[in-house]
Structure formats: structure tokens, C-alpha cells
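Raw query30.tsv, TSV, C-alpha atoms:
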```tsv
chain	number	residue	atom	x	y	z
A	1	ALA	CA	180.01	-30.27	-87.05
A	2	LEU	CA	182.34	-30.60	-89.97
A	3	ILE	CA	179.58	-31.41	-92.43
A	4	PHE	CA	178.07	-27.98	-91.93
A	5	GLY	CA	181.52	-26.42	-92.34
A	6	ILE	CA	181.75	-27.88	-95.82
A	7	CYS	CA	178.28	-26.67	-96.76
A	8	LEU	CA	179.10	-23.15	-95.70
A	9	TRP	CA	182.57	-22.66	-97.11
A	10	GLY	CA	183.16	-25.60	-99.44
A	11	ARG	CA	186.58	-26.24	-97.91
A	12	ARG	CA	187.58	-29.89	-97.93
A	13	ASP	CA	190.85	-29.13	-96.11
A	14	VAL	CA	188.92	-27.88	-93.06
A	15	PHE	CA	186.97	-31.12	-92.90
A	16	GLU	CA	189.91	-33.45	-93.31
A	17	SER	CA	192.28	-31.69	-90.91
A	18	VAL	CA	190.13	-32.29	-87.82
A	19	ASP	CA	190.14	-35.71	-86.16
A	20	ILE	CA	188.39	-35.07	-82.89
A	21	HIS	CA	189.49	-38.33	-81.29
A	22	ARG	CA	193.13	-37.19	-81.64
A	23	SER	CA	192.44	-33.68	-80.38
A	24	ASP	CA	194.57	-32.38	-77.50
A	25	TYR	CA	191.60	-30.24	-76.52
A	26	LEU	CA	189.46	-33.35	-76.08
A	27	LYS	CA	192.11	-35.09	-74.00
A	28	ASP	CA	192.47	-32.06	-71.72
A	29	LEU	CA	188.72	-31.70	-71.23
A	30	GLU	CA	188.41	-35.39	-70.43
A	31	ARG	CA	191.06	-35.00	-67.73
A	32	ILE	CA	188.86	-32.43	-65.99
A	33	GLY	CA	186.24	-35.11	-65.52
A	34	HIS	CA	182.48	-34.96	-65.61
A	35	HIS	CA	181.47	-31.28	-65.57
A	36	PRO	CA	177.73	-30.54	-65.39
A	37	ALA	CA	176.56	-26.95	-64.99
A	38	GLY	CA	176.98	-25.50	-61.52
A	39	THR	CA	179.91	-27.70	-60.46
A	40	ARG	CA	183.59	-26.98	-59.82
A	41	ASN	CA	184.50	-29.12	-62.79
A	42	GLY	CA	182.10	-27.05	-64.88
A	43	GLU	CA	183.99	-23.91	-63.88
A	44	ALA	CA	187.28	-25.67	-64.67
A	45	ALA	CA	186.03	-26.56	-68.17
A	46	LEU	CA	184.93	-22.95	-68.72
A	47	ASP	CA	188.34	-21.66	-67.63
A	48	TYR	CA	190.16	-24.15	-69.86
A	49	ILE	CA	188.16	-23.16	-72.93
A	50	HIS	CA	188.76	-19.47	-72.20
A	51	ARG	CA	192.52	-19.98	-71.85
A	52	SER	CA	192.63	-22.08	-75.02
A	53	ILE	CA	190.84	-19.38	-77.01
A	54	LYS	CA	193.27	-16.70	-75.81
A	55	MET	CA	196.26	-18.92	-76.58
A	56	ALA	CA	195.06	-19.68	-80.11
A	57	SER	CA	194.39	-15.98	-80.73
A	58	LYS	CA	197.73	-14.72	-79.43
A	59	SER	CA	199.73	-15.08	-82.64
A	60	SER	CA	196.91	-14.22	-85.05
A	61	ASN	CA	196.56	-11.00	-87.04
A	62	ILE	CA	192.79	-11.38	-87.23
A	63	GLN	CA	190.59	-9.09	-85.15
A	64	VAL	CA	189.43	-11.31	-82.24
A	65	THR	CA	186.94	-10.13	-79.61
A	66	ILE	CA	186.31	-12.38	-76.61
A	67	GLU	CA	183.31	-11.82	-74.38
A	68	ILE	CA	182.36	-13.68	-71.22
A	69	GLN	CA	178.61	-13.32	-70.80
A	70	SER	CA	177.12	-14.05	-67.38
A	71	GLY	CA	173.56	-13.38	-66.41
A	72	SER	CA	170.23	-14.45	-65.03
A	73	GLY	CA	166.85	-14.91	-66.59
A	74	PHE	CA	163.55	-16.69	-66.84
A	75	SER	CA	162.95	-19.35	-69.50
A	76	ASN	CA	159.54	-20.65	-70.50
A	77	GLN	CA	160.20	-24.32	-71.22
A	78	SER	CA	156.66	-25.40	-72.05
A	79	SER	CA	153.05	-24.83	-71.11
A	80	HIS	CA	153.70	-26.88	-67.98
A	81	PHE	CA	156.79	-25.39	-66.36
A	82	ASP	CA	159.31	-22.55	-66.42
A	83	ILE	CA	162.93	-22.25	-65.26
A	84	SER	CA	164.47	-19.33	-63.42
A	85	TYR	CA	168.27	-19.30	-63.67
A	86	HIS	CA	171.11	-17.31	-62.13
A	87	ASN	CA	174.77	-16.76	-63.04
A	88	ILE	CA	174.81	-18.76	-66.28
A	89	THR	CA	178.00	-18.15	-68.27
A	90	ASN	CA	178.69	-18.22	-72.03
A	91	ILE	CA	181.90	-17.60	-73.97
A	92	MET	CA	181.43	-15.69	-77.23
A	93	VAL	CA	184.30	-15.04	-79.67
A	94	LEU	CA	183.96	-12.80	-82.71
A	95	LEU	CA	186.29	-13.01	-85.70
A	96	SER	CA	185.95	-9.82	-87.69
A	97	GLN	CA	187.62	-8.84	-90.94
A	98	ASP	CA	186.70	-5.19	-90.54
A	99	ALA	CA	186.03	-4.02	-86.99
A	100	SER	CA	184.79	-0.63	-88.20
A	101	ALA	CA	182.11	-2.10	-90.48
A	102	SER	CA	178.64	-3.25	-89.50
A	103	ARG	CA	178.44	-6.83	-90.76
A	104	LYS	CA	176.12	-9.76	-90.28
A	105	ARG	CA	177.49	-12.81	-88.51
A	106	ILE	CA	177.38	-16.58	-88.74
A	107	LEU	CA	177.24	-18.25	-85.34
A	108	ILE	CA	178.96	-21.60	-84.83
A	109	GLY	CA	177.97	-22.79	-81.38
A	110	THR	CA	178.00	-25.63	-78.90
A	111	HIS	CA	177.78	-26.20	-75.14
A	112	TYR	CA	180.56	-26.94	-72.67
A	113	ASP	CA	178.53	-28.49	-69.84
A	114	SER	CA	178.15	-32.27	-69.55
A	115	PRO	CA	174.72	-33.85	-69.26
A	116	ILE	CA	174.43	-35.75	-65.99
A	117	GLY	CA	175.75	-39.28	-66.47
A	118	GLN	CA	177.13	-38.63	-69.97
A	119	VAL	CA	180.76	-37.59	-69.74
A	120	GLN	CA	181.89	-37.04	-73.34
A	121	PHE	CA	178.72	-35.36	-74.56
A	122	GLY	CA	180.04	-31.98	-73.46
A	123	ASP	CA	183.69	-32.64	-74.26
A	124	ILE	CA	183.44	-33.69	-77.90
A	125	PRO	CA	181.51	-30.67	-79.26
A	126	SER	CA	183.56	-28.23	-77.13
A	127	ALA	CA	186.85	-29.69	-78.35
A	128	SER	CA	185.57	-29.78	-81.94
A	129	LEU	CA	184.70	-26.11	-81.83
A	130	LEU	CA	188.08	-25.22	-80.33
A	131	ASP	CA	189.83	-27.06	-83.16
A	132	VAL	CA	187.69	-25.37	-85.82
A	133	PHE	CA	188.20	-21.97	-84.17
A	134	ARG	CA	191.97	-22.46	-84.09
A	135	MET	CA	192.03	-23.26	-87.82
A	136	PHE	CA	190.04	-20.16	-88.74
A	137	VAL	CA	191.92	-17.80	-86.44
A	138	MET	CA	195.29	-19.03	-87.70
A	139	ASN	CA	194.37	-18.99	-91.39
A	140	GLN	CA	192.29	-16.07	-92.59
A	141	SER	CA	192.33	-17.43	-96.14
A	142	LEU	CA	189.72	-19.97	-95.05
A	143	TRP	CA	187.10	-17.23	-94.81
A	144	GLU	CA	188.60	-14.01	-96.19
A	145	ASN	CA	186.15	-14.00	-99.11
A	146	SER	CA	183.14	-14.39	-96.84
A	147	GLN	CA	180.70	-11.50	-96.67
A	148	HIS	CA	180.07	-12.20	-92.99
A	149	ASP	CA	181.97	-12.30	-89.73
A	150	LEU	CA	182.28	-15.50	-87.72
A	151	LEU	CA	180.97	-15.83	-84.18
A	152	PHE	CA	181.94	-18.81	-82.03
A	153	GLY	CA	179.95	-19.60	-78.91
A	154	TRP	CA	180.29	-22.02	-76.00
A	155	SER	CA	177.05	-21.98	-74.00
A	156	GLY	CA	176.61	-23.02	-70.40
A	157	ALA	CA	173.79	-25.07	-68.87
A	158	GLU	CA	172.46	-26.31	-72.21
A	159	ALA	CA	171.88	-29.81	-70.86
A	160	VAL	CA	169.46	-28.54	-68.21
A	161	GLY	CA	167.09	-26.58	-70.40
A	162	HIS	CA	169.12	-24.69	-73.03
A	163	LEU	CA	169.68	-21.90	-70.54
A	164	GLY	CA	172.90	-20.56	-72.04
A	165	SER	CA	171.22	-20.23	-75.44
A	166	HIS	CA	168.28	-18.46	-73.84
A	167	LEU	CA	170.65	-16.04	-72.11
A	168	PHE	CA	172.47	-15.24	-75.35
A	169	THR	CA	169.44	-14.85	-77.61
A	170	THR	CA	167.51	-12.69	-75.15
A	171	GLN	CA	170.27	-10.53	-73.63
A	172	HIS	CA	173.38	-10.34	-75.82
A	173	PRO	CA	173.63	-7.43	-78.33
A	174	TRP	CA	175.31	-9.64	-80.93
A	175	ALA	CA	172.27	-11.92	-81.19
A	176	SER	CA	170.41	-9.54	-83.50
A	177	ASP	CA	173.25	-9.62	-86.08
A	178	ILE	CA	173.16	-13.39	-86.65
A	179	ILE	CA	171.89	-14.58	-90.01
A	180	ALA	CA	172.74	-18.31	-89.65
A	181	PHE	CA	173.44	-20.72	-86.80
A	182	ILE	CA	175.51	-23.91	-87.02
A	183	ASN	CA	175.01	-26.18	-84.01
A	184	LEU	CA	177.77	-28.63	-83.05
A	185	ASP	CA	176.50	-31.45	-80.89
A	186	VAL	CA	176.74	-35.20	-80.48
A	187	THR	CA	174.27	-38.00	-79.99
A	188	ASP	CA	176.93	-40.72	-79.82
A	189	ALA	CA	180.39	-40.71	-78.21
A	190	SER	CA	181.77	-43.50	-80.42
A	191	HIS	CA	184.12	-43.10	-83.37
A	192	SER	CA	181.29	-43.54	-85.88
A	193	ASN	CA	180.73	-40.83	-88.48
A	194	HIS	CA	177.00	-40.70	-89.23
A	195	LEU	CA	174.87	-38.13	-90.96
A	196	PHE	CA	171.60	-38.67	-89.12
A	197	GLN	CA	169.62	-35.74	-90.44
A	198	SER	CA	169.93	-33.49	-93.49
A	199	SER	CA	167.86	-30.52	-94.55
A	200	SER	CA	168.74	-30.68	-98.23
A	201	LEU	CA	169.96	-32.96	-101.01
A	202	GLY	CA	172.95	-30.67	-101.49
A	203	MET	CA	174.11	-31.22	-97.92
A	204	SER	CA	173.79	-35.01	-98.36
A	205	LYS	CA	175.88	-34.89	-101.54
A	206	LEU	CA	178.61	-32.84	-99.87
A	207	TYR	CA	178.71	-35.31	-97.00
A	208	ALA	CA	178.92	-38.27	-99.38
A	209	ASN	CA	181.78	-36.66	-101.34
A	210	HIS	CA	183.89	-35.47	-98.41
A	211	ALA	CA	183.25	-37.49	-95.24
A	212	PRO	CA	185.85	-40.22	-94.72
A	213	PHE	CA	184.04	-43.52	-94.06
A	214	GLY	CA	180.73	-41.72	-93.69
A	215	VAL	CA	177.40	-43.47	-93.14
A	216	ILE	CA	174.05	-42.07	-94.22
A	217	SER	CA	170.66	-43.76	-94.05
A	218	PRO	CA	167.14	-42.62	-95.02
A	219	THR	CA	165.88	-44.67	-92.07
A	220	LEU	CA	167.71	-42.43	-89.61
A	221	GLN	CA	166.29	-39.37	-91.36
A	222	ASP	CA	162.77	-40.75	-90.89
A	223	VAL	CA	163.37	-41.66	-87.23
A	224	PHE	CA	164.71	-38.23	-86.33
A	225	SER	CA	161.83	-36.52	-88.13
A	226	ILE	CA	159.41	-38.38	-85.84
A	227	PHE	CA	161.27	-37.91	-82.56
A	228	LYS	CA	162.00	-34.20	-82.35
A	229	LEU	CA	165.29	-33.59	-80.54
A	230	LYS	CA	165.75	-30.27	-78.77
A	231	THR	CA	169.35	-29.74	-79.81
```
Just dump the structure as C-alpha cells.
Amino acid sequence: ALIFGICLWGRRDVFESVDIHRSDYLKDLERIGHHPAGTRNGEAALDYIHRSIKMASKSSNIQVTIEIQSGSGFSNQSSHFDISYHNITNIMVLLSQDASASRKRILIGTHYDSPIGQVQFGDIPSASLLDVFRMFVMNQSLWENSQHDLLFGWSGAEAVGHLGSHLFTTQHPWASDIIAFINLDVTDASHSNHLFQSSSLGMSKLYANHAPFGVISPTLQDVFSIFKLKT
């Protein structure tokens, strides 16, 4: 998550000020318990994230627009099966420097639902995004020179077929304004800090220069290029 933040804005202070394993957001989400899509705990996690966003935005002078998107649809997963879904919910938050202007947006997104049997895999990216959102909404200087607005998104039911993403990209009016997408996700709930895949030499250099105790391996790059992960 934080690696991509450096590549986009070049801000070392953003990277170093987030330690997800000390995050109050992470602790609160863990107290809710395992929360797959369609469960009461899933609704509790959604409500907590919504309240946290509103609390972080309360004392900010930045234009903040919060949208709760709920809807139904039909997703073609492969040539073998499709998924019909109902009442999937996403939280989308727009930070705009000029509400009257038509500007392109950078989407920083994750999912808030837990995969079945994997508790922290929904908590860590959700808490990370809340921490990053709070930093940007409280300090406009982090992105005031950007030519684009920032859009933060917490998708629902990603672990059961990327349904929240499908709902957003096919039905939300903001989707057509996005020029770049940064995906926050985890493949390991430990404290390790690994760069397991990089799309450019520049990104690898930024990681090497800024990540505290980072680990990077060409072997992992090769492995992940063979086994395509739908994340």
C-alpha cells in the first residue's frame, strides 16, 4: 500500500508515519471479529469504517464527499460460471480541491470483507486505507500540487468474486473519471514487509530507498508472474 503512495507523490513522510500493526483502526476492526460478506459482523465493519471516515473528515477544510453505494448486478466470472449478486455495498470517499471543476481522479481502493477462514486479510488493508485517508484529509499539503482529485474506496464482497469492484466499475458515475487505480491488499498477515511484485525499476528503487527493513527478491517476482493472482 505504502509503496505505491511513494511512487505517486514521492512523500517519504507518508510512508514512515503509518505502522499498520500499531493502528487503532486495525485493533477496532479485529475486535469486530471475522466479517465475511453477508454477515452481521460484515455490516458492523462497514458501519465502523463509515463512522471513522466521518470522524476523520469532521475537522478538515478539504471538500469531502462520502457516498454509500448499494446495488445488484450480474458478474461474468469466467467461461464456466457467472454470479448474480444483490445488495452489495461499497463506501466511496472523494477528496476534491475544487468541487466546481471537472477533474480526473486517482482511486486508492481496498475491500472490507474478510475471506472465509482468514481473519486479518480484510482488516489490514481496510485499516491501512483509513490511516492513509486520515493523513490526506488532515493535511492538504500532501497533495495540494496534484492535478487530480483523490478517491478512496472500500469495496464489499471482494473475497467472493470481486463483486464490489464489479458494482463500482459498472454502475457508479465516478468510475469513468478514474485515470489510475492503487490497490491495497495483503497476501500475508505477518509483520514482514515484502515487495513481491513490481511493474518498473523505478518502483523497486523507491521501495529500496524508503521501506524500513524491506525485502525484495527477483524469485518472488518470477513466481507471481507465473501464478496470476486476481487481486
Q. Distance CA of Ser155 in chain A-CA of Gly109 in chain A, one decimal place?
A.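 Computing the Euclidean distance for CA of Ser155 in chain A and CA of Gly109 in chain A yields 7.5 Å.
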Q.
Can you tell me which residues surround range 69-73 of chain A at a distance of at most 6 Å, considering all atoms listed in the file, apart from same-chain residues fewer than 3 positions away, and format the answer as a PyMOL selection string?
A. chain A and resi 84-90
Q. Do you know which residues are at most 12 Å from Arg31 in chain A counting all atoms listed in the file, after dropping those on the same chain fewer than 4 positions away, and could you put them as a list in words?
A.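 Those residues are Asp24, Tyr25, Leu26, Lys27, His35, Asn41, Ala44, Ala45, Tyr48, Val119, Gln120 and Asp123 of chain A.
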Q. Between CA of Ala180 in chain A and CA of Ser141 in chain A, what is the distance, to one decimal in Å?
A.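 Answer for the CA of Ala180 in chain A to CA of Ser141 in chain A separation: 20.7 Å.
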Q: Excluding Leu94 in chain A and residues on its chain fewer than 4 positions from it, collect all residues at most 8 Å away from it, counting all atoms listed in the file, and give them as a list of chain:residue names.
A: A:Gln63, A:Val64, A:Thr65, A:Ile66, A:Asp149, A:Leu150, A:Leu151, A:Phe152
